[in-house]
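structure35.pdb (PDB, C-alpha atoms) appears below.
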```pdb
MODEL        1
ATOM      1  CA  MET G  33      54.797 177.249 153.679
ATOM      2  CA  ALA G  34      57.424 179.721 152.614
ATOM      3  CA  SER G  35      59.902 177.581 154.451
ATOM      4  CA  ASP G  36      58.720 174.501 152.521
ATOM      5  CA  LYS G  37      59.148 176.305 149.206
ATOM      6  CA  LYS G  38      62.583 177.425 150.242
ATOM      7  CA  ASN G  39      63.512 173.926 151.301
ATOM      8  CA  GLY G  40      62.085 172.573 148.068
ATOM      9  CA  ARG G  41      64.197 174.917 146.043
ATOM     10  CA  GLY G  42      67.223 174.020 148.129
ATOM     11  CA  SER G  43      66.494 170.327 147.651
ATOM     12  CA  LYS G  44      66.313 170.648 143.871
ATOM     13  CA  LYS G  45      69.542 172.604 143.843
ATOM     14  CA  GLY G  46      71.194 169.953 145.991
ATOM     15  CA  GLU G  47      69.939 167.219 143.671
ATOM     16  CA  ALA G  48      71.349 169.095 140.686
ATOM     17  CA  ILE G  49      74.730 169.444 142.358
ATOM     18  CA  THR G  50      74.693 165.760 143.226
ATOM     19  CA  ALA G  51      73.886 164.858 139.615
ATOM     20  CA  VAL G  52      76.782 166.975 138.369
ATOM     21  CA  GLU G  53      79.090 165.358 140.905
ATOM     22  CA  ARG G  54      77.958 161.888 139.809
ATOM     23  CA  LYS G  55      78.652 162.725 136.191
ATOM     24  CA  ALA G  56      82.077 164.090 137.099
ATOM     25  CA  ARG G  57      82.915 160.947 139.065
ATOM     26  CA  LYS G  58      81.765 158.707 136.213
ATOM     27  CA  MET G  59      83.901 160.678 133.774
ATOM     28  CA  ALA G  60      86.929 160.426 136.070
ATOM     29  CA  GLU G  61      86.386 156.680 136.449
ATOM     30  CA  ARG G  62      86.064 156.265 132.698
ATOM     31  CA  LEU G  63      89.261 158.195 132.058
ATOM     32  CA  ALA G  64      91.059 156.081 134.654
ATOM     33  CA  ARG G  65      89.843 152.863 133.003
ATOM     34  CA  GLU G  66      90.949 154.108 129.595
ATOM     35  CA  ALA G  67      94.378 155.049 130.938
ATOM     36  CA  LYS G  68      94.783 151.632 132.549
ATOM     37  CA  SER G  69      93.701 149.896 129.346
ATOM     38  CA  SER G  70      96.212 151.920 127.354
ATOM     39  CA  GLU G  71      98.991 151.043 129.790
ATOM     40  CA  THR G  72      98.080 147.344 129.595
ATOM     41  CA  LEU G  73      98.188 147.377 125.789
ATOM     42  CA  SER G  74     101.545 149.142 125.730
ATOM     43  CA  ALA G  75     102.938 146.695 128.307
ATOM     44  CA  ALA G  76     102.328 143.789 125.915
ATOM     45  CA  TRP G  77     105.426 144.863 123.984
ATOM     46  CA  SER G  78     109.026 144.556 125.142
ATOM     47  CA  LEU G  79     109.741 147.545 122.896
ATOM     48  CA  PRO G  80     107.234 149.629 120.910
ATOM     49  CA  PRO G  81     106.684 148.377 117.324
ATOM     50  CA  ALA G  82     107.177 151.926 116.096
ATOM     51  CA  GLN G  83     110.732 151.695 117.395
ATOM     52  CA  LEU G  84     111.498 148.086 116.476
ATOM     53  CA  LEU G  85     110.080 147.962 112.959
ATOM     54  CA  ARG G  86     110.830 151.418 111.635
ATOM     55  CA  PHE G  87     113.080 151.431 108.591
ATOM     56  CA  HIS G  88     116.616 152.679 109.191
ATOM     57  CA  SER G  89     119.526 153.199 106.835
ATOM     58  CA  HIS G  90     121.039 149.866 107.847
ATOM     59  CA  THR G  91     117.788 147.899 107.382
ATOM     60  CA  ARG G  92     117.832 145.287 104.635
ATOM     61  CA  LEU G  93     114.469 143.993 103.459
ATOM     62  CA  VAL G  94     115.883 140.613 102.424
ATOM     63  CA  ASP G  95     117.355 140.064 105.897
ATOM     64  CA  ILE G  96     114.025 140.360 107.733
ATOM     65  CA  ASP G  97     112.654 137.087 109.086
ATOM     66  CA  ALA G  98     109.063 137.079 107.833
ATOM     67  CA  GLY G  99     108.079 134.513 110.464
ATOM     68  CA  SER G 100     109.377 136.466 113.456
ATOM     69  CA  LYS G 101     107.383 138.569 115.929
ATOM     70  CA  PRO G 102     109.725 141.281 117.248
ATOM     71  CA  GLY G 103     108.762 142.803 120.568
ATOM     72  CA  PHE G 104     106.045 140.292 121.428
ATOM     73  CA  ASP G 105     106.604 137.115 123.450
ATOM     74  CA  GLY G 106     103.019 135.838 123.501
ATOM     75  CA  ASP G 107     101.283 133.242 121.347
ATOM     76  CA  GLN G 108      98.511 133.606 118.770
ATOM     77  CA  ALA G 109      95.726 133.467 121.353
ATOM     78  CA  ALA G 110      97.329 136.321 123.287
ATOM     79  CA  GLY G 111      97.823 138.230 120.075
ATOM     80  CA  GLU G 112      94.192 137.902 119.095
ATOM     81  CA  ARG G 113      93.077 139.077 122.553
ATOM     82  CA  PHE G 114      95.327 142.085 122.115
ATOM     83  CA  ILE G 115      93.714 142.903 118.759
ATOM     84  CA  ALA G 116      90.220 142.715 120.284
ATOM     85  CA  ASP G 117      91.172 144.964 123.196
ATOM     86  CA  SER G 118      93.052 147.384 120.978
ATOM     87  CA  SER G 119      90.182 147.579 118.467
ATOM     88  CA  SER G 120      87.917 148.866 121.223
ATOM     89  CA  GLU G 121      90.359 151.629 122.110
ATOM     90  CA  ILE G 122      90.907 152.449 118.434
ATOM     91  CA  ALA G 123      87.139 152.841 118.069
ATOM     92  CA  ASN G 124      87.079 155.337 120.942
ATOM     93  CA  TYR G 125      89.928 157.382 119.488
ATOM     94  CA  GLN G 126      88.325 157.282 116.063
ATOM     95  CA  ARG G 127      85.023 158.657 117.364
ATOM     96  CA  LEU G 128      86.932 161.369 119.201
ATOM     97  CA  MET G 129      88.892 162.298 116.080
ATOM     98  CA  TYR G 130      85.750 162.293 113.933
ATOM     99  CA  ALA G 131      83.879 164.508 116.415
ATOM    100  CA  ASN G 132      86.727 167.023 116.383
ATOM    101  CA  GLY G 133      86.897 166.860 112.600
ATOM    102  CA  ILE G 134      83.243 167.894 112.415
ATOM    103  CA  HIS G 135      84.261 171.005 114.369
ATOM    104  CA  GLY G 136      87.084 171.848 111.960
ATOM    105  CA  ASP G 137      90.053 170.081 113.572
ATOM    106  CA  ALA G 138      92.447 168.937 110.827
ATOM    107  CA  HIS G 139      93.740 165.744 112.456
ATOM    108  CA  ARG G 140      93.315 162.706 110.225
ATOM    109  CA  VAL G 141      95.168 159.501 109.387
ATOM    110  CA  LEU G 142      96.390 157.934 106.156
ATOM    111  CA  ILE G 143      97.437 154.279 106.290
ATOM    112  CA  VAL G 144      99.401 152.948 103.330
ATOM    113  CA  LEU G 145      99.457 149.142 103.039
ATOM    114  CA  GLN G 146     102.002 147.592 100.691
ATOM    115  CA  GLY G 147     103.374 144.092 100.287
ATOM    116  CA  MET G 148     103.737 141.258  97.820
ATOM    117  CA  ASP G 149     100.608 139.416  96.677
ATOM    118  CA  ALA G 150      98.954 137.349  99.463
ATOM    119  CA  SER G 151     100.843 139.182 102.200
ATOM    120  CA  GLY G 152      97.636 139.844 104.171
ATOM    121  CA  LYS G 153      96.632 143.417 103.376
ATOM    122  CA  GLY G 154      92.924 142.606 103.172
ATOM    123  CA  GLY G 155      92.950 140.684 106.433
ATOM    124  CA  ILE G 156      94.448 143.632 108.250
ATOM    125  CA  VAL G 157      91.621 145.869 107.101
ATOM    126  CA  ARG G 158      88.969 143.337 108.204
ATOM    127  CA  HIS G 159      90.477 142.622 111.628
ATOM    128  CA  VAL G 160      91.979 145.907 112.808
ATOM    129  CA  PHE G 161      88.941 147.960 111.833
ATOM    130  CA  SER G 162      86.308 145.447 112.909
ATOM    131  CA  GLN G 163      84.959 147.623 115.735
ATOM    132  CA  VAL G 164      85.245 151.127 114.336
ATOM    133  CA  ASP G 165      82.329 153.228 113.144
ATOM    134  CA  PRO G 166      82.014 153.040 109.347
ATOM    135  CA  MET G 167      81.380 156.769 109.427
ATOM    136  CA  GLY G 168      84.885 158.187 109.355
ATOM    137  CA  ILE G 169      86.637 155.243 107.642
ATOM    138  CA  HIS G 170      87.513 155.254 103.953
ATOM    139  CA  TYR G 171      89.105 152.254 102.197
ATOM    140  CA  HIS G 172      90.439 152.307  98.660
ATOM    141  CA  GLY G 173      92.365 149.712  96.685
ATOM    142  CA  PHE G 174      94.577 150.994  93.888
ATOM    143  CA  GLY G 175      94.883 148.742  90.873
ATOM    144  CA  LYS G 176      96.102 149.374  87.367
ATOM    145  CA  PRO G 177      95.474 153.035  86.433
ATOM    146  CA  SER G 178      92.339 153.619  84.350
ATOM    147  CA  GLU G 179      92.216 155.689  81.194
ATOM    148  CA  GLU G 180      90.885 158.573  83.274
ATOM    149  CA  ASP G 181      93.760 158.185  85.750
ATOM    150  CA  LEU G 182      96.320 158.182  82.958
ATOM    151  CA  ALA G 183      94.888 161.426  81.600
ATOM    152  CA  HIS G 184      96.081 163.149  84.787
ATOM    153  CA  ASP G 185      99.211 163.386  86.894
ATOM    154  CA  TYR G 186      99.880 160.096  88.716
ATOM    155  CA  LEU G 187      99.070 161.674  92.088
ATOM    156  CA  TRP G 188      95.649 162.808  90.881
ATOM    157  CA  ARG G 189      93.908 159.560  91.795
ATOM    158  CA  ILE G 190      95.741 159.493  95.140
ATOM    159  CA  ARG G 191      94.606 162.975  96.116
ATOM    160  CA  ARG G 192      90.985 162.061  95.388
ATOM    161  CA  GLU G 193      91.004 159.394  98.097
ATOM    162  CA  LEU G 194      92.758 161.287 100.903
ATOM    163  CA  PRO G 195      91.053 161.462 104.307
ATOM    164  CA  ALA G 196      88.847 164.389 105.216
ATOM    165  CA  ASN G 197      89.293 166.067 108.588
ATOM    166  CA  GLY G 198      88.641 163.507 111.327
ATOM    167  CA  TRP G 199      88.729 160.541 108.945
ATOM    168  CA  ILE G 200      90.981 157.499 108.489
ATOM    169  CA  SER G 201      91.822 156.501 104.921
ATOM    170  CA  ILE G 202      93.330 153.088 104.173
ATOM    171  CA  PHE G 203      95.165 152.600 100.905
ATOM    172  CA  ASP G 204      95.603 149.033  99.650
ATOM    173  CA  ARG G 205      98.586 149.799  97.403
ATOM    174  CA  SER G 206      99.332 153.446  96.727
ATOM    175  CA  GLN G 207     101.410 156.060  94.923
ATOM    176  CA  TYR G 208     104.435 153.829  95.436
ATOM    177  CA  GLU G 209     103.136 151.477  92.764
ATOM    178  CA  ASP G 210     103.855 154.350  90.362
ATOM    179  CA  ILE G 211     107.550 153.936  91.127
ATOM    180  CA  VAL G 212     107.887 150.190  91.541
ATOM    181  CA  MET G 213     105.815 149.001  88.585
ATOM    182  CA  PRO G 214     107.424 151.264  85.939
ATOM    183  CA  ARG G 215     110.810 150.173  87.278
ATOM    184  CA  ILE G 216     109.910 146.481  86.994
ATOM    185  CA  THR G 217     108.102 146.637  83.659
ATOM    186  CA  GLY G 218     110.153 149.350  81.967
ATOM    187  CA  SER G 219     106.948 151.188  81.035
ATOM    188  CA  LEU G 220     108.452 154.607  81.777
ATOM    189  CA  PRO G 221     111.906 156.122  81.333
ATOM    190  CA  GLU G 222     114.087 155.703  84.420
ATOM    191  CA  ALA G 223     114.427 159.461  84.824
ATOM    192  CA  THR G 224     110.626 159.746  85.078
ATOM    193  CA  TRP G 225     110.014 157.212  87.830
ATOM    194  CA  ARG G 226     113.148 158.223  89.738
ATOM    195  CA  ALA G 227     111.916 161.821  89.888
ATOM    196  CA  ARG G 228     108.872 160.551  91.747
ATOM    197  CA  TYR G 229     110.848 159.842  94.920
ATOM    198  CA  GLY G 230     111.247 163.547  95.572
ATOM    199  CA  GLN G 231     107.752 164.369  94.343
ATOM    200  CA  ILE G 232     106.181 161.894  96.760
ATOM    201  CA  ASN G 233     108.326 163.135  99.641
ATOM    202  CA  ASP G 234     107.105 166.669  98.948
ATOM    203  CA  PHE G 235     103.525 165.440  98.664
ATOM    204  CA  GLU G 236     103.712 163.656 102.024
ATOM    205  CA  ALA G 237     105.384 166.635 103.684
ATOM    206  CA  GLU G 238     102.473 168.770 102.512
ATOM    207  CA  LEU G 239     100.009 166.250 103.937
ATOM    208  CA  ALA G 240     101.770 165.980 107.288
ATOM    209  CA  GLY G 241     102.049 169.738 107.549
ATOM    210  CA  SER G 242      98.292 170.065 107.190
ATOM    211  CA  GLY G 243      97.536 167.687 110.083
ATOM    212  CA  CYS G 244      97.514 164.276 108.415
ATOM    213  CA  ALA G 245      99.425 161.474 110.182
ATOM    214  CA  ILE G 246     100.889 159.014 107.665
ATOM    215  CA  ILE G 247     101.501 155.370 108.590
ATOM    216  CA  LYS G 248     103.343 153.537 105.801
ATOM    217  CA  ILE G 249     103.430 149.766 106.149
ATOM    218  CA  PHE G 250     105.171 147.091 104.126
ATOM    219  CA  LEU G 251     104.130 143.529 104.970
ATOM    220  CA  VAL G 252     107.204 141.321 104.718
ATOM    221  CA  SER G 253     106.188 137.850 103.597
ATOM    222  CA  SER G 254     108.325 134.882 102.567
ATOM    223  CA  ARG G 255     108.137 133.133  99.207
ATOM    224  CA  GLN G 256     107.183 129.893 100.978
ATOM    225  CA  ALA G 257     104.266 131.516 102.799
ATOM    226  CA  GLN G 258     103.101 133.122  99.564
ATOM    227  CA  LYS G 259     103.198 129.741  97.839
ATOM    228  CA  GLN G 260     100.991 128.209 100.535
ATOM    229  CA  HIS G 261      98.463 131.018 100.215
ATOM    230  CA  PHE G 262      98.393 130.627  96.426
ATOM    231  CA  LEU G 263      97.847 126.862  96.771
ATOM    232  CA  ARG G 264      94.928 127.459  99.154
ATOM    233  CA  ARG G 265      93.364 129.768  96.616
ATOM    234  CA  LEU G 266      93.746 127.167  93.859
ATOM    235  CA  ASP G 267      92.347 124.392  96.073
ATOM    236  CA  ASP G 268      89.270 126.272  97.274
ATOM    237  CA  PRO G 269      86.557 127.292  94.768
ATOM    238  CA  THR G 270      85.455 130.069  97.131
ATOM    239  CA  ARG G 271      88.919 131.613  96.760
ATOM    240  CA  TYR G 272      89.372 131.273  93.005
ATOM    241  CA  TRP G 273      88.428 134.908  92.608
ATOM    242  CA  LYS G 274      91.506 135.923  94.577
ATOM    243  CA  PHE G 275      93.919 134.299  92.147
ATOM    244  CA  ASP G 276      95.317 135.976  89.055
ATOM    245  CA  PRO G 277      98.017 134.459  86.821
ATOM    246  CA  SER G 278      99.821 137.798  86.916
ATOM    247  CA  ASP G 279     100.540 137.072  90.589
ATOM    248  CA  LEU G 280     102.877 134.314  89.403
ATOM    249  CA  ASP G 281     104.627 136.714  87.034
ATOM    250  CA  ALA G 282     105.436 138.956  90.003
ATOM    251  CA  ARG G 283     106.557 135.934  92.007
ATOM    252  CA  ASP G 284     108.997 134.987  89.226
ATOM    253  CA  ARG G 285     110.637 138.400  89.650
ATOM    254  CA  TRP G 286     110.709 138.339  93.445
ATOM    255  CA  ASP G 287     114.307 139.531  93.715
ATOM    256  CA  ASP G 288     113.625 142.452  91.378
ATOM    257  CA  TYR G 289     110.710 143.521  93.548
ATOM    258  CA  MET G 290     112.806 143.257  96.708
ATOM    259  CA  ALA G 291     115.470 145.496  95.159
ATOM    260  CA  ALA G 292     112.844 148.006  94.002
ATOM    261  CA  TRP G 293     111.202 148.201  97.408
ATOM    262  CA  GLN G 294     114.536 148.472  99.190
ATOM    263  CA  GLU G 295     115.276 151.626  97.244
ATOM    264  CA  VAL G 296     111.773 152.963  97.910
ATOM    265  CA  PHE G 297     112.407 152.662 101.645
ATOM    266  CA  GLU G 298     115.845 154.251 101.390
ATOM    267  CA  ARG G 299     114.539 157.207  99.406
ATOM    268  CA  THR G 300     111.131 157.832 101.010
ATOM    269  CA  SER G 301     111.314 156.811 104.678
ATOM    270  CA  THR G 302     111.355 160.236 106.315
ATOM    271  CA  SER G 303     110.963 161.587 109.821
ATOM    272  CA  ILE G 304     107.410 162.735 109.085
ATOM    273  CA  ALA G 305     106.371 159.641 107.108
ATOM    274  CA  PRO G 306     108.570 156.664 108.029
ATOM    275  CA  TRP G 307     108.171 153.156 106.678
ATOM    276  CA  TYR G 308     107.457 150.223 108.987
ATOM    277  CA  LEU G 309     108.561 146.796 107.763
ATOM    278  CA  ILE G 310     106.359 144.224 109.470
ATOM    279  CA  PRO G 311     106.980 140.440 109.419
ATOM    280  CA  ALA G 312     103.752 139.015 107.999
ATOM    281  CA  ASP G 313     103.959 135.214 107.821
ATOM    282  CA  LYS G 314     102.140 135.147 111.173
ATOM    283  CA  ARG G 315      99.075 137.077 110.114
ATOM    284  CA  TRP G 316      97.912 137.682 113.672
ATOM    285  CA  TYR G 317     101.231 139.347 114.516
ATOM    286  CA  SER G 318     101.146 141.783 111.585
ATOM    287  CA  ARG G 319      97.566 142.691 112.539
ATOM    288  CA  MET G 320      98.719 143.346 116.092
ATOM    289  CA  VAL G 321     101.425 145.705 114.920
ATOM    290  CA  VAL G 322      99.155 147.703 112.614
ATOM    291  CA  SER G 323      96.625 147.950 115.433
ATOM    292  CA  GLU G 324      99.278 149.268 117.822
ATOM    293  CA  LEU G 325     100.694 151.770 115.330
ATOM    294  CA  LEU G 326      97.239 153.193 114.680
ATOM    295  CA  ARG G 327      96.245 153.224 118.343
ATOM    296  CA  THR G 328      99.353 155.087 119.492
ATOM    297  CA  THR G 329      99.181 157.515 116.570
ATOM    298  CA  MET G 330      95.662 158.621 117.476
ATOM    299  CA  LYS G 331      96.410 158.583 121.192
ATOM    300  CA  ASN G 332      99.269 161.010 120.592
ATOM    301  CA  PHE G 333      96.857 163.531 119.079
ATOM    302  CA  ASN G 334      95.867 164.245 122.713
ATOM    303  CA  GLN G 335      92.371 165.264 121.708
ATOM    304  CA  THR G 336      89.455 166.052 124.001
ATOM    305  CA  TRP G 337      85.765 166.067 123.179
ATOM    306  CA  PRO G 338      84.723 169.291 121.447
ATOM    307  CA  PRO G 339      82.546 171.718 123.443
ATOM    308  CA  LEU G 340      78.815 172.033 122.886
ATOM    309  CA  ASP G 341      78.252 174.372 119.970
ATOM    310  CA  ALA G 342      74.958 175.685 121.303
ATOM    311  CA  ASP G 343      73.343 177.339 124.305
ATOM    312  CA  ARG G 344      72.625 174.351 126.565
ATOM    313  CA  ASP G 345      70.100 176.125 128.781
ATOM    314  CA  GLU G 346      68.170 177.354 125.767
ATOM    315  CA  ALA G 347      68.176 173.871 124.219
ATOM    316  CA  LEU G 348      66.900 172.327 127.479
ATOM    317  CA  ALA G 349      64.187 174.949 127.740
ATOM    318  CA  ARG G 350      62.985 174.199 124.211
ATOM    319  CA  LEU G 351      62.858 170.535 125.170
ATOM    320  CA  GLY G 352      60.659 171.381 128.119
ATOM    321  CA  VAL G 353      63.279 170.701 130.764
ATOM    322  CA  GLU G 354      63.533 173.231 133.575
TER
ENDMDL
END
```
Written form, structure tokens:
Amino acid sequence: MASDKKNGRGSKKGEAITAVERKARKMAERLAREAKSSETLSAAWSLPPAQLLRFHSHTRLVDIDAGSKPGFDGDQAAGERFIADSSSEIANYQRLMYANGIHGDAHRVLIVLQGMDASGKGGIVRHVFSQVDPMGIHYHGFGKPSEEDLAHDYLWRIRRELPANGWISIFDRSQYEDIVMPRITGSLPEATWRARYGQINDFEAELAGSGCAIIKIFLVSSRQAQKQHFLRRLDDPTRYWKFDPSDLDARDRWDDYMAAWQEVFERTSTSIAPWYLIPADKRWYSRMVVSELLRTTMKNFNQTWPPLDADRDEALARLGVE
């Protein structure tokens, strides 16, 4: 009988070891699948978008072909498959980042989306973030400053919407409107809006230094593509709400906007917060690029799951598990 008890104890111990081994194997297999998936996604590009589309001193906004798809040789169907596959990996990285943020890790992401009207900013938000957990994602669109906004420094409303630890914040328009719009409209003295280049650079350096990755995106659309999108809005009652006559005012000053944005890129594309100029006439392509930039940014955090912040044996005992 003593022998049976001994064997029983040995059997339970062996079963426990086997269970641990099974879990370890499953984890190793999962990590291998994730690594293979990541390699497959990266292999879709002839060169990484972060390299191809980053603004450089010789880059001219007006020379970019808005209908091109640098670095990708596939068609729309292949592009949409890429987005679906990438969204799944983004969701995994986002949960990992959020879990670490709960434990005090300061990694977080700020995505700045800029572009002319109808360049596809809203579509990027809907498609790229379709599979992520709403917990940990914050979206904010910046319009004309309110009276409350104007009672504070122009960065006040920006700071209020920044991501918390472990979070992703998406800005539809941003602090850069506070340079471009005063320049176009003449609403502020030139010395005032020009001083904001340096102020924003300092602000972003502070953010990056505290653990926030900044992805600044300008969607490069053509006037012809914009016209087609405007016509669709005017022809479809379900899209009337998207159209504003002021959009045509901006279109009339297209060249002025291009010049204003060119200077923004020249003055604020830095090593810690570079600008990426993404051709956007093919909406699926621009969504691919944003997906890849976000995926590789979070992958490069090299995070692991945080440890259990409790006594596991004690917790199991309280649950009645021996």
**Asked** So how many Å separate atom CA of G:Ile216 and atom CA of G:Ser301, to one decimal?
**Response**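 Interatomic distance, atom CA of G:Ile216 to atom CA of G:Ser301: 20.5 Å.
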**Request:** Tell me, in Å to one decimal, how far atom CA of G:Ser303 is from atom CA of G:Gly241.
**Result:**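 One can read the atom CA of G:Ser303 to atom CA of G:Gly241 distance as 12.3 Å.
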**Item:** Target residues per the PyMOL selection byres ((chain G and resi 164) around 12), formatted as a ChimeraX atom specification
**Value:** /G:116,118-130,157-163,165-170,199-200,323,327
**Asked** What is the atom CA of G:Ile249-atom CA of G:Ile310 distance in Å, reported with one decimal?
**Response**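 Separation of atom CA of G:Ile249 and atom CA of G:Ile310: 7.1 Å.
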**Asked** Quick one: residues within 10 Å of G:Val321, all atoms listed in the file counted, chain neighbours fewer than 6 positions away excluded, as JSON, numbers by chain?
**Response** {"G": [77, 80, 81, 82, 85, 101, 102, 103, 104, 111, 115, 156, 160, 249, 308, 310, 311, 312, 327]}
Residues just named, written with C-alpha atoms as a PDB file, in the frame of the given file:
```
ATOM      1  CA  TRP G  77     105.426 144.863 123.984  1.00  0.00           C
ATOM      2  CA  PRO G  80     107.234 149.629 120.910  1.00  0.00           C
ATOM      3  CA  PRO G  81     106.684 148.377 117.324  1.00  0.00           C
ATOM      4  CA  ALA G  82     107.177 151.926 116.096  1.00  0.00           C
ATOM      5  CA  LEU G  85     110.080 147.962 112.959  1.00  0.00           C
ATOM      6  CA  LYS G 101     107.383 138.569 115.929  1.00  0.00           C
ATOM      7  CA  PRO G 102     109.725 141.281 117.248  1.00  0.00           C
ATOM      8  CA  GLY G 103     108.762 142.803 120.568  1.00  0.00           C
ATOM      9  CA  PHE G 104     106.045 140.292 121.428  1.00  0.00           C
ATOM     10  CA  GLY G 111      97.823 138.230 120.075  1.00  0.00           C
ATOM     11  CA  ILE G 115      93.714 142.903 118.759  1.00  0.00           C
ATOM     12  CA  ILE G 156      94.448 143.632 108.250  1.00  0.00           C
ATOM     13  CA  VAL G 160      91.979 145.907 112.808  1.00  0.00           C
ATOM     14  CA  ILE G 249     103.430 149.766 106.149  1.00  0.00           C
ATOM     15  CA  TYR G 308     107.457 150.223 108.987  1.00  0.00           C
ATOM     16  CA  ILE G 310     106.359 144.224 109.470  1.00  0.00           C
ATOM     17  CA  PRO G 311     106.980 140.440 109.419  1.00  0.00           C
ATOM     18  CA  ALA G 312     103.752 139.015 107.999  1.00  0.00           C
ATOM     19  CA  ARG G 327      96.245 153.224 118.343  1.00  0.00           C
TER      20      ARG G 327
END
```
**Asked** Looking at G:Gln258, G:Gln294, G:Asn233, G:Asn132, which one is nearest to G:Thr336, with distances taken over only C-alpha atoms?
**Response**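 Checking each of G:Gln258, G:Gln294, G:Asn233, G:Asn132 against G:Thr336, counting only C-alpha atoms, the winner is G:Asn132.
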**Message:** Starting from the PyMOL selection byres ((chain G and resi 313) around 7), expand the selection into actual residues of this file and give them as a PyMOL selection string.
**Reply:** chain G and resi 98-99+253-254+257+311-312+314-315
**Sphere at (103.5, 140.2, 125.3), radius 10 Å, counting all atoms listed in the file: residues as a ChimeraX atom specification** = /G:72-79,103-107,110-111,114
**Request:** Considering all atoms listed in the file, return as number ranges by chain whatever protein or nucleic-acid residues lie within 7 Å of stretch 224-232 of chain G, sequence-local ones (same chain, fewer than 5 positions apart) excluded.
**Result:** G: 211, 214, 299-300
Kindly compute an axis-aligned box around the listed atoms of stretch 250-256 of chain G, allowing 6 Å on each side, and express its centre and edge lengths in Å to one decimal as lines of an AutoDock Vina configuration file.
```
center_x = 106.2
center_y = 138.5
center_z = 102.1
size_x = 16.2
size_y = 29.2
size_z = 17.8
```
**Request:** Choose the residue, out of G:Arg285, G:Phe250, G:Gly243, G:His88, that has the smallest atom-to-atom separation from G:Ala196; count all atoms listed in the file.
**Result:**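 Nearest to G:Ala196: G:Gly243.
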**Residue nearest G:Ser242 - candidates G:Asp137, G:Glu298, G:Asp276, G:Glu71, atoms counted: all atoms listed in the file** = G:Asp137
